[in-house]
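> Have a look at the structure that comes next, please.
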Amino acid sequence: MLFRSIWDKVKGQAAKDYVLFPLLAGPGAPATLTANATANIIRNLWTFSIIFCGHFPDGVEEFTEEETAEETRGGWYVRQLLGSANLTGGKLFHIMSGNLSFQIEHHLFPDVPAHRYAEISVDVKEACERYGLDYHAGPLPYQLFTVFRKIARLSIPTDAELH
């Protein structure tokens, strides 16, 4: 049922982007079709980069269900902190990422408006320093490099998996 509703949404959006809007453009249909395809590719690559860099670069920890089964409230906050990373950059970069470049703060305080994450990050960094916790942050190109490196490393079977 979930797959069906997702598929219906995808079909509807694709029909608008690649049929309806180009038809409405009349003679400009090829340019509209090309622009829509280009915009969708760029948006998907950008979204992938922001999301993966917030969850999967080097230094970010993964946790098993067993590790989280009986965690305390404080343990939940530590897991959110250690299981996510931020992207560094200027104000425009943060706006372009929807402030999800502050993924740590997003995980710690999901109900806080995203435009407040930069302000909150100062206090979160200070708390990390005080308690000796890692605060993972780096520029997009480096974080993305470590994401791809981690994916490549995890995709190669170990000796134990080969035997």
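Ligands are numbered from 1 in the order shown, chains are lettered A, B, ... in the order of the structure tokens, and residues start at 1 in each chain.
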What residues in range 2-151 of chain A get the DSSP label helix (DSSP H, G or I)? Please answer as a ChimeraX atom specification.
/A:2-24,26-55,65-68,73-82,91-96,103-108,114-131,140-151
> Identify all residues of chain A in strand (DSSP E or B) (DSSP on the backbone) and supply them as a VMD selection string.
chain A and resid 86 to 88 137 to 139
> I need the chosen residues saved as a compact mmCIF listing (two decimals), in the first residue's frame, with C-alpha atoms.

```
# COMPACT_ATOMS: atom_id res chain seq x y z
CA ASN A 86 27.37 18.99 10.33
CA LEU A 87 28.56 20.71 7.20
CA THR A 88 30.54 23.90 7.55
CA ALA A 137 31.71 18.91 11.17
CA GLY A 138 33.51 19.65 7.92
CA PRO A 139 33.18 21.20 4.48
```
> Which residues are near range 45-47 of chain A? Cut-off 9 Å, only C-alpha atoms, ignore same chain within fewer than 5 positions. Put them as a PyMOL selection string.
chain A and resi 40+52+97
> Put those residues in a file: all heavy atoms, as a compact mmCIF listing (two decimals), in the first residue's frame.

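File result_8.txt, as written:
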```
# COMPACT_ATOMS: atom_id res chain seq x y z
N ASN A 40 15.77 18.58 -11.83
CA ASN A 40 15.52 17.40 -10.99
C ASN A 40 16.81 16.65 -10.67
O ASN A 40 17.01 16.19 -9.55
CB ASN A 40 14.51 16.47 -11.66
CG ASN A 40 13.10 16.99 -11.54
OD1 ASN A 40 12.77 17.68 -10.58
ND2 ASN A 40 12.27 16.68 -12.51
N PHE A 52 23.39 12.53 3.02
CA PHE A 52 24.43 11.55 3.32
C PHE A 52 25.55 12.17 4.15
O PHE A 52 26.10 11.50 5.03
CB PHE A 52 24.96 10.92 2.04
CG PHE A 52 24.24 9.66 1.67
CD1 PHE A 52 22.90 9.70 1.32
CD2 PHE A 52 24.88 8.45 1.68
CE1 PHE A 52 22.22 8.55 0.98
CE2 PHE A 52 24.21 7.28 1.35
CZ PHE A 52 22.87 7.33 1.00
N SER A 97 20.96 24.70 2.02
CA SER A 97 20.76 23.34 2.52
C SER A 97 19.51 23.24 3.40
O SER A 97 19.25 22.18 3.97
CB SER A 97 21.98 22.89 3.33
OG SER A 97 22.01 23.54 4.59
```
> Excluding range 145-156 of chain A and residues on its chain fewer than 5 positions from it, collect all residues at most 9 Å away from it, counting only C-alpha atoms, and give them as a ChimeraX atom specification.
/A:52-53,55-58,140
> Tell me, as a PyMOL selection string, which residues lie within 12 Å of Lys91 in chain A, counting only C-alpha atoms; anything in the same chain fewer than 4 positions away does not count.
chain A and resi 87+95-99+101-102+115+117-119
> Name the closest residue to Leu82 in chain A among the candidates A:Pro110, A:Pro22, A:Pro27, A:Gly132; distances are taken between atoms, counting only C-alpha atoms.
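Using only C-alpha atoms, the shortest distance to Leu82 in chain A belongs to A:Gly132.
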> What's the 9 Å shell around range 74-80 of chain A, counting only C-alpha atoms, without same-chain residues fewer than 6 positions away, as a VMD selection string?
chain A and resid 61 to 63 68 104 to 105 107 to 108 133
> CA of Ser49 in chain A and CA of Val112 in chain A, how far apart in Å?
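CA of Ser49 in chain A lies 22.7 Å from CA of Val112 in chain A.
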